[in-house]
Amino acid sequence: MTDFTTHPLITYSQYRDPSTQSQPVIWDIREPSQYARFPSDPWHPLSHFDLSQPATKPAISTLHIVCDIFPGYWPIKISCTSGVTIGDVLEAIHSALIKRISRSEWDALSEKQKTRTTAAFEKRCEMAPDLAACRSHGVIRMDCLVEHTWFAGLSTSFGTDSTCIMSLRRGRQEE
């Protein structure tokens, strides 16, 4: 079993006060990874240097991410022979969640989840620059998260090798 810790910029913290513990990046996962910002200075995005930092210590070449909020089994696997970086992690999360959901994933949702997901889809399309293009692409996995769209960090899974559990928060991070 791999023994590692995650970089402080992506490590989950139950505390939202930076004076008590380091905080993960501020990032609405609906946005591409380049919109991730420093918790201590939310007006500045992470630099290329920050994104190129190893995501784990020691550096590992494969990292799996799972999340209990996902309504289905949507594992995120990141591989990089030179070691997975913070940028790799953020990009993989965003890429996995902008995928169109499959028919089987849709069918597995409860009626309540379908209703909430449809509402999130409609809201996303209304805000899109091209409503028709958004609608034609269909429901994406991100829509299934409804309001859980703020990255809250990764926790090491002690039961599964090279795996982290992603936490998400509802609403705006700054609240």
# chains A, B, ... in the order shown; residues from 1 in each chain; ligands from 1
call {"tool": "select_by_dssp", "arguments": {"residues": "chain A", "states": "alpha helix (DSSP H)", "output": "PyMOL selection string"}}
result
chain A and resi 48-51+86-97+103-108+111-127+131-137+141-144
call {"tool": "residues_around", "arguments": {"residues": "range 135-149 of chain A", "least_positions_apart": "4", "cutoff": "7 Å", "atoms": "only C-alpha atoms", "output": "list in words"}}
result
Asp28, Ile29, Arg30, Phe70, Leu97, Ile98, Lys99, Arg100, Ile101, Arg116, Thr117, Ala120, Phe121, Cys125, Leu131, Leu168, Arg169, Arg170 and Gly171 of chain A
call {"tool": "select_by_dssp", "arguments": {"residues": "range 26-114 of chain A", "states": "strand (DSSP E or B)", "output": "VMD selection string"}}
result
chain A and resid 26 28 37 45 54 56 to 57 62 to 66 76 to 79 85 100
call {"tool": "decode", "arguments": {"residues": "range 6-50 of chain A", "atoms": "N, CA and C atoms", "output": "PDB file, in the first residue's frame"}}
result
ATOM      1  N   THR A   6      -0.969  14.444   0.616  1.00  0.00           N
ATOM      2  CA  THR A   6      -1.266  15.345  -0.496  1.00  0.00           C
ATOM      3  C   THR A   6      -0.700  16.736  -0.212  1.00  0.00           C
ATOM      4  N   HIS A   7      -0.419  17.456  -1.278  1.00  0.00           N
ATOM      5  CA  HIS A   7       0.094  18.819  -1.179  1.00  0.00           C
ATOM      6  C   HIS A   7      -0.936  19.677  -0.438  1.00  0.00           C
ATOM      7  N   PRO A   8      -0.492  20.620   0.409  1.00  0.00           N
ATOM      8  CA  PRO A   8      -1.441  21.454   1.161  1.00  0.00           C
ATOM      9  C   PRO A   8      -2.464  22.198   0.292  1.00  0.00           C
ATOM     10  N   LEU A   9      -2.123  22.528  -0.950  1.00  0.00           N
ATOM     11  CA  LEU A   9      -3.076  23.241  -1.809  1.00  0.00           C
ATOM     12  C   LEU A   9      -4.246  22.373  -2.264  1.00  0.00           C
ATOM     13  N   ILE A  10      -4.140  21.060  -2.101  1.00  0.00           N
ATOM     14  CA  ILE A  10      -5.255  20.184  -2.487  1.00  0.00           C
ATOM     15  C   ILE A  10      -5.716  19.287  -1.344  1.00  0.00           C
ATOM     16  N   THR A  11      -5.196  19.518  -0.144  1.00  0.00           N
ATOM     17  CA  THR A  11      -5.556  18.698   1.014  1.00  0.00           C
ATOM     18  C   THR A  11      -6.842  19.193   1.660  1.00  0.00           C
ATOM     19  N   TYR A  12      -7.750  18.261   1.924  1.00  0.00           N
ATOM     20  CA  TYR A  12      -9.011  18.591   2.588  1.00  0.00           C
ATOM     21  C   TYR A  12      -8.753  19.122   3.990  1.00  0.00           C
ATOM     22  N   SER A  13      -9.516  20.144   4.371  1.00  0.00           N
ATOM     23  CA  SER A  13      -9.492  20.659   5.734  1.00  0.00           C
ATOM     24  C   SER A  13     -10.932  20.894   6.158  1.00  0.00           C
ATOM     25  N   GLN A  14     -11.287  20.381   7.306  1.00  0.00           N
ATOM     26  CA  GLN A  14     -12.649  20.610   7.798  1.00  0.00           C
ATOM     27  C   GLN A  14     -12.804  22.027   8.317  1.00  0.00           C
ATOM     28  N   TYR A  15     -11.681  22.708   8.517  1.00  0.00           N
ATOM     29  CA  TYR A  15     -11.708  24.073   9.025  1.00  0.00           C
ATOM     30  C   TYR A  15     -11.702  25.051   7.870  1.00  0.00           C
ATOM     31  N   ARG A  16     -12.557  26.059   7.949  1.00  0.00           N
ATOM     32  CA  ARG A  16     -12.605  27.055   6.877  1.00  0.00           C
ATOM     33  C   ARG A  16     -11.869  28.320   7.273  1.00  0.00           C
ATOM     34  N   ASP A  17     -11.145  28.263   8.395  1.00  0.00           N
ATOM     35  CA  ASP A  17     -10.382  29.404   8.877  1.00  0.00           C
ATOM     36  C   ASP A  17      -8.905  29.137   8.623  1.00  0.00           C
ATOM     37  N   PRO A  18      -8.271  29.891   7.707  1.00  0.00           N
ATOM     38  CA  PRO A  18      -6.877  29.627   7.377  1.00  0.00           C
ATOM     39  C   PRO A  18      -5.923  29.807   8.553  1.00  0.00           C
ATOM     40  N   SER A  19      -6.360  30.465   9.633  1.00  0.00           N
ATOM     41  CA  SER A  19      -5.467  30.630  10.784  1.00  0.00           C
ATOM     42  C   SER A  19      -5.345  29.335  11.587  1.00  0.00           C
ATOM     43  N   THR A  20      -6.300  28.392  11.395  1.00  0.00           N
ATOM     44  CA  THR A  20      -6.249  27.149  12.154  1.00  0.00           C
ATOM     45  C   THR A  20      -5.549  26.026  11.394  1.00  0.00           C
ATOM     46  N   GLN A  21      -5.562  26.073  10.082  1.00  0.00           N
ATOM     47  CA  GLN A  21      -4.950  25.017   9.271  1.00  0.00           C
ATOM     48  C   GLN A  21      -4.883  25.495   7.824  1.00  0.00           C
ATOM     49  N   SER A  22      -3.939  24.927   7.061  1.00  0.00           N
ATOM     50  CA  SER A  22      -3.856  25.318   5.656  1.00  0.00           C
ATOM     51  C   SER A  22      -5.147  24.917   4.940  1.00  0.00           C
ATOM     52  N   GLN A  23      -5.475  25.668   3.912  1.00  0.00           N
ATOM     53  CA  GLN A  23      -6.713  25.470   3.174  1.00  0.00           C
ATOM     54  C   GLN A  23      -6.416  25.029   1.746  1.00  0.00           C
ATOM     55  N   PRO A  24      -7.307  24.222   1.161  1.00  0.00           N
ATOM     56  CA  PRO A  24      -7.127  23.873  -0.253  1.00  0.00           C
ATOM     57  C   PRO A  24      -7.455  25.073  -1.135  1.00  0.00           C
ATOM     58  N   VAL A  25      -7.111  24.956  -2.390  1.00  0.00           N
ATOM     59  CA  VAL A  25      -7.393  26.027  -3.348  1.00  0.00           C
ATOM     60  C   VAL A  25      -8.875  26.367  -3.339  1.00  0.00           C
ATOM     61  N   ILE A  26      -9.169  27.591  -3.732  1.00  0.00           N
ATOM     62  CA  ILE A  26     -10.553  28.016  -3.931  1.00  0.00           C
ATOM     63  C   ILE A  26     -10.847  27.757  -5.402  1.00  0.00           C
ATOM     64  N   TRP A  27     -11.805  26.870  -5.651  1.00  0.00           N
ATOM     65  CA  TRP A  27     -12.065  26.492  -7.039  1.00  0.00           C
ATOM     66  C   TRP A  27     -13.475  25.965  -7.214  1.00  0.00           C
ATOM     67  N   ASP A  28     -14.210  26.623  -8.081  1.00  0.00           N
ATOM     68  CA  ASP A  28     -15.521  26.159  -8.505  1.00  0.00           C
ATOM     69  C   ASP A  28     -15.238  25.164  -9.634  1.00  0.00           C
ATOM     70  N   ILE A  29     -15.483  23.889  -9.407  1.00  0.00           N
ATOM     71  CA  ILE A  29     -15.078  22.854 -10.358  1.00  0.00           C
ATOM     72  C   ILE A  29     -15.835  22.921 -11.677  1.00  0.00           C
ATOM     73  N   ARG A  30     -16.836  23.795 -11.769  1.00  0.00           N
ATOM     74  CA  ARG A  30     -17.504  24.010 -13.060  1.00  0.00           C
ATOM     75  C   ARG A  30     -16.587  24.761 -14.017  1.00  0.00           C
ATOM     76  N   GLU A  31     -15.594  25.433 -13.456  1.00  0.00           N
ATOM     77  CA  GLU A  31     -14.646  26.214 -14.248  1.00  0.00           C
ATOM     78  C   GLU A  31     -13.391  25.389 -14.519  1.00  0.00           C
ATOM     79  N   PRO A  32     -12.696  25.673 -15.622  1.00  0.00           N
ATOM     80  CA  PRO A  32     -11.428  24.974 -15.886  1.00  0.00           C
ATOM     81  C   PRO A  32     -10.420  25.206 -14.757  1.00  0.00           C
ATOM     82  N   SER A  33      -9.440  24.347 -14.692  1.00  0.00           N
ATOM     83  CA  SER A  33      -8.474  24.357 -13.585  1.00  0.00           C
ATOM     84  C   SER A  33      -7.701  25.659 -13.461  1.00  0.00           C
ATOM     85  N   GLN A  34      -7.538  26.412 -14.544  1.00  0.00           N
ATOM     86  CA  GLN A  34      -6.783  27.660 -14.448  1.00  0.00           C
ATOM     87  C   GLN A  34      -7.505  28.725 -13.617  1.00  0.00           C
ATOM     88  N   TYR A  35      -8.743  28.452 -13.208  1.00  0.00           N
ATOM     89  CA  TYR A  35      -9.474  29.385 -12.353  1.00  0.00           C
ATOM     90  C   TYR A  35      -9.289  29.087 -10.861  1.00  0.00           C
ATOM     91  N   ALA A  36      -8.523  28.050 -10.534  1.00  0.00           N
ATOM     92  CA  ALA A  36      -8.233  27.760  -9.123  1.00  0.00           C
ATOM     93  C   ALA A  36      -7.394  28.903  -8.553  1.00  0.00           C
ATOM     94  N   ARG A  37      -7.707  29.308  -7.328  1.00  0.00           N
ATOM     95  CA  ARG A  37      -7.046  30.451  -6.713  1.00  0.00           C
ATOM     96  C   ARG A  37      -6.468  30.090  -5.355  1.00  0.00           C
ATOM     97  N   PHE A  38      -5.551  30.911  -4.911  1.00  0.00           N
ATOM     98  CA  PHE A  38      -4.945  30.707  -3.598  1.00  0.00           C
ATOM     99  C   PHE A  38      -5.964  30.982  -2.504  1.00  0.00           C
ATOM    100  N   PRO A  39      -6.003  30.140  -1.477  1.00  0.00           N
ATOM    101  CA  PRO A  39      -6.933  30.395  -0.372  1.00  0.00           C
ATOM    102  C   PRO A  39      -6.558  31.656   0.404  1.00  0.00           C
ATOM    103  N   SER A  40      -5.274  31.971   0.466  1.00  0.00           N
ATOM    104  CA  SER A  40      -4.826  33.141   1.210  1.00  0.00           C
ATOM    105  C   SER A  40      -4.949  34.434   0.403  1.00  0.00           C
ATOM    106  N   ASP A  41      -5.112  34.322  -0.908  1.00  0.00           N
ATOM    107  CA  ASP A  41      -5.213  35.491  -1.784  1.00  0.00           C
ATOM    108  C   ASP A  41      -6.147  35.144  -2.945  1.00  0.00           C
ATOM    109  N   PRO A  42      -7.463  35.149  -2.688  1.00  0.00           N
ATOM    110  CA  PRO A  42      -8.425  34.660  -3.682  1.00  0.00           C
ATOM    111  C   PRO A  42      -8.508  35.469  -4.966  1.00  0.00           C
ATOM    112  N   TRP A  43      -7.790  36.558  -5.065  1.00  0.00           N
ATOM    113  CA  TRP A  43      -7.806  37.345  -6.296  1.00  0.00           C
ATOM    114  C   TRP A  43      -6.747  36.880  -7.283  1.00  0.00           C
ATOM    115  N   HIS A  44      -5.865  35.979  -6.842  1.00  0.00           N
ATOM    116  CA  HIS A  44      -4.781  35.535  -7.716  1.00  0.00           C
ATOM    117  C   HIS A  44      -4.867  34.041  -8.002  1.00  0.00           C
ATOM    118  N   PRO A  45      -4.891  33.693  -9.286  1.00  0.00           N
ATOM    119  CA  PRO A  45      -4.913  32.264  -9.644  1.00  0.00           C
ATOM    120  C   PRO A  45      -3.563  31.621  -9.358  1.00  0.00           C
ATOM    121  N   LEU A  46      -3.565  30.305  -9.297  1.00  0.00           N
ATOM    122  CA  LEU A  46      -2.319  29.571  -9.119  1.00  0.00           C
ATOM    123  C   LEU A  46      -1.434  29.807 -10.344  1.00  0.00           C
ATOM    124  N   SER A  47      -0.153  29.889 -10.104  1.00  0.00           N
ATOM    125  CA  SER A  47       0.791  30.094 -11.203  1.00  0.00           C
ATOM    126  C   SER A  47       1.136  28.752 -11.846  1.00  0.00           C
ATOM    127  N   HIS A  48       1.822  28.819 -12.974  1.00  0.00           N
ATOM    128  CA  HIS A  48       2.297  27.602 -13.634  1.00  0.00           C
ATOM    129  C   HIS A  48       3.208  26.825 -12.673  1.00  0.00           C
ATOM    130  N   PHE A  49       4.018  27.545 -11.917  1.00  0.00           N
ATOM    131  CA  PHE A  49       4.904  26.902 -10.942  1.00  0.00           C
ATOM    132  C   PHE A  49       4.085  26.121  -9.909  1.00  0.00           C
ATOM    133  N   ASP A  50       3.022  26.735  -9.383  1.00  0.00           N
ATOM    134  CA  ASP A  50       2.181  26.066  -8.381  1.00  0.00           C
ATOM    135  C   ASP A  50       1.523  24.820  -8.959  1.00  0.00           C
TER     136      ASP A  50
END
